[in-house]
Amino acid sequence: MSAPLLEVKGLTTWYPIRRGVWSRTVRHVQALTDVSLAIQEGETLGIVGESGCGKTTLGRTLVGLERPMAGAMLLRGAVLPAGIRPAALQRQVQMIFQDPAAALNPRLTVLDLLTEALAYHGLLTESREATALQLLRDVGLDGAALHRYPFEFSGGQRQRISVARALALRPSLIICDEAVSALDVSVQAQVLNLLMDLKEKYRLSYLFISHDINVVRFIADRVAVMYLGRIVEEGPTEDVIGSPAHPYTQALISAVPAVGREASARRPLGGELPSPSRPPAGCPFHPRCPSAMEICKTAAPPTISKGAQKVSCHLYSRDLSSQ
Ligand code: SF4
């Protein structure tokens, strides 16, 4: 079997907190801890979790904007260096950010925005106009956009331009970080459909980061649920969302309003996400978990396969479940 498009093993990204005259490191913000996952060619992996759970740090680390403390990233089996990467590897992994107004340089026209990276990498094979026009067509915009600036477009159009810019270098993997969260619901659907069409057309893979379970359910083939920088459950989207195993996933899904479900049937998650600089011992979810046991306060849960799902929770450990 061929290697996954992207494989991540034990990825750990912590940020030091320094204090005092000598700037001694007193603690770390544990943004990502021991994250392992794989994305196959042509697959969309959704990453869900509350704000502050480490989703964005994961995306930024994969694209080379953050340097991990430990772990490995492999692209088609070859090591993907942390930080600055050789140009050929840089091109393979691109990112679409939540806020296109901040991500697109306001001083550049669309023509410049779509062709500057190609020119930098020496990959312009046609005229700049022809190349940019093709990219605009791919995302459902026309040539009238070429000489305009980002502020002249609506939010949805700006996000289409961001998608075109990410496509320009013909990447294998695009990391979408809350790419539709800032858009109206109707525009969200248009951009999601566009991403699905482009995936088919260019055989792309996506890592789709979102706090919105419904959006992830729509677009992702598999989903990984993050809590306090760790993946707590992973599996095919319909399995994880239809039959969640981890108490955190169950709470996230229960909190989503659903047609036909009474508001009283929802079991929203209590308490706040703990500080990632002082994560609780044992299972980091134990202070908020309705099923917590004594062992959860002291021992980190193992990752257990449950059908096609993987879940990190003591509830599924053989020793405990047989008691
Ligand atoms: Fe809850 Fe314990 Fe499972 Fe953590 S390991 S999710 S605290 S039951």
# chains A, B, ... in the order shown; residues from 1 in each chain; ligands from 1

call {"tool": "residues_near_ligand", "arguments": {"ligand": "ligand 1", "cutoff": "6 Å", "atoms": "only C-alpha atoms and all ligand atoms", "output": "ChimeraX atom specification"}}
result
/A:246-247,283,285-286,289,291-293,296,301,313-315

call {"tool": "write_last_selection", "arguments": {"atoms": "C-alpha atoms", "output": "PDB file, in the first residue's frame"}}
result
ATOM      1  CA  HIS A 246     -15.611   9.896  23.568  1.00  0.00           C
ATOM      2  CA  PRO A 247     -17.596  11.844  26.194  1.00  0.00           C
ATOM      3  CA  CYS A 283      -7.151  12.627  31.228  1.00  0.00           C
ATOM      4  CA  PHE A 285     -10.980  16.222  30.070  1.00  0.00           C
ATOM      5  CA  HIS A 286     -11.652  14.751  33.537  1.00  0.00           C
ATOM      6  CA  CYS A 289     -16.388  14.738  32.053  1.00  0.00           C
ATOM      7  CA  SER A 291     -18.279   9.801  33.159  1.00  0.00           C
ATOM      8  CA  ALA A 292     -14.974  10.522  34.959  1.00  0.00           C
ATOM      9  CA  MET A 293     -13.585   7.778  37.212  1.00  0.00           C
ATOM     10  CA  CYS A 296      -9.025   9.465  34.976  1.00  0.00           C
ATOM     11  CA  PRO A 301      -6.024   7.229  28.757  1.00  0.00           C
ATOM     12  CA  CYS A 313     -10.714   7.162  26.975  1.00  0.00           C
ATOM     13  CA  HIS A 314     -10.492   4.813  29.945  1.00  0.00           C
ATOM     14  CA  LEU A 315     -14.127   3.795  29.404  1.00  0.00           C
TER      15      LEU A 315
END

call {"tool": "atom_distance", "arguments": {"atom1": "atom CA of Leu45 of chain A", "atom2": "atom CA of Leu228 of chain A"}}
result
18.8 Å

call {"tool": "atom_distance", "arguments": {"atom1": "atom CA of Tyr149 of chain A", "atom2": "atom CA of Asn105 of chain A"}}
result
8.8 Å

call {"tool": "select_by_dssp", "arguments": {"residues": "segment 79-277 of chain A", "states": "strand (DSSP E)", "output": "JSON, numbers by chain"}}
result
{"A": [79, 93, 94, 95, 96, 173, 174, 175, 176, 177, 205, 206, 207, 208, 209, 210, 222, 223, 224, 225, 226, 227, 230, 231, 232, 233, 234, 235, 236]}

call {"tool": "atom_distance", "arguments": {"atom1": "atom CA of Thr56 of chain A", "atom2": "atom CA of Pro100 of chain A"}}
result
15.5 Å

call {"tool": "residues_around", "arguments": {"residues": "Ala38 of chain A", "least_positions_apart": "2", "cutoff": "10 Å", "atoms": "only C-alpha atoms", "output": "list in words"}}
result
Ala3, Pro4, Leu5, Leu6, Glu7, Val8, Lys9, Ser36, Gln40, Glu41, Glu43, Leu45, Met73, Leu74 and Leu75 of chain A

call {"tool": "write_last_selection", "arguments": {"atoms": "C-alpha atoms", "output": "PDB file, in the first residue's frame"}}
result
ATOM      1  CA  ALA A   3       2.285   5.928   1.861  1.00  0.00           C
ATOM      2  CA  PRO A   4      -0.414   8.413   2.961  1.00  0.00           C
ATOM      3  CA  LEU A   5      -0.226  11.851   1.405  1.00  0.00           C
ATOM      4  CA  LEU A   6       0.536  13.293   4.835  1.00  0.00           C
ATOM      5  CA  GLU A   7       1.461  11.441   7.976  1.00  0.00           C
ATOM      6  CA  VAL A   8       2.031  13.115  11.313  1.00  0.00           C
ATOM      7  CA  LYS A   9       3.634  11.232  14.177  1.00  0.00           C
ATOM      8  CA  SER A  36      -0.621  11.596  15.192  1.00  0.00           C
ATOM      9  CA  GLN A  40      -4.770   9.828   2.206  1.00  0.00           C
ATOM     10  CA  GLU A  41      -4.617  11.166  -1.370  1.00  0.00           C
ATOM     11  CA  GLU A  43      -9.255  12.682   1.259  1.00  0.00           C
ATOM     12  CA  LEU A  45      -9.869  15.166   7.150  1.00  0.00           C
ATOM     13  CA  MET A  73       5.729  15.140   9.422  1.00  0.00           C
ATOM     14  CA  LEU A  74       5.949  13.016   6.288  1.00  0.00           C
ATOM     15  CA  LEU A  75       4.676  13.950   2.836  1.00  0.00           C
TER      16      LEU A  75
END

call {"tool": "closest_residue", "arguments": {"among": "A:Ile253, A:Thr44, A:Gly59, A:Ala130", "to": "Pro236 of chain A", "atoms": "only C-alpha atoms"}}
result
A:Thr44

call {"tool": "closest_residue", "arguments": {"among": "A:Asp142, A:Glu234, A:Asp212, A:Glu200", "to": "Lys310 of chain A", "atoms": "only C-alpha atoms"}}
result
A:Glu234

call {"tool": "select_by_dssp", "arguments": {"residues": "segment 8-215 of chain A", "states": "helix (DSSP H, G or I)", "output": "PyMOL selection string"}}
result
chain A and resi 55-63+87-92+100-103+110-120+128-138+143-145+150-152+155-167+185-202+213-215

call {"tool": "residues_around", "arguments": {"residues": "Ser317 of chain A", "least_positions_apart": "6", "cutoff": "10 Å", "atoms": "only C-alpha atoms", "output": "ChimeraX atom specification"}}
result
/A:301-305,311

call {"tool": "closest_atom_pairs", "arguments": {"of": "segment 67-173 of chain A", "to": "segment 177-191 of chain A", "cutoff": "8 Å", "atoms": "only C-alpha atoms", "output": "CSV"}}
result
residue,atom,partner,partner_atom,distance
A:Met95,CA,A:Asp177,CA,7.3
A:Ile96,CA,A:Asp177,CA,6.1
A:Phe97,CA,A:Asp177,CA,5.1
A:Gln98,CA,A:Ala179,CA,4.5
A:Asp99,CA,A:Ala182,CA,6.9
A:Gly155,CA,A:Leu183,CA,6.6
A:Gly156,CA,A:Val187,CA,6.1
A:Gln159,CA,A:Ala179,CA,7.7
A:Arg160,CA,A:Val191,CA,7.2

call {"tool": "residues_around", "arguments": {"residues": "Pro16 of chain A", "least_positions_apart": "6", "cutoff": "10 Å", "atoms": "only C-alpha atoms", "output": "list in words"}}
result
Arg24, Thr25, Val26, Arg27, His28, Val29, Gln30 and Ser277 of chain A
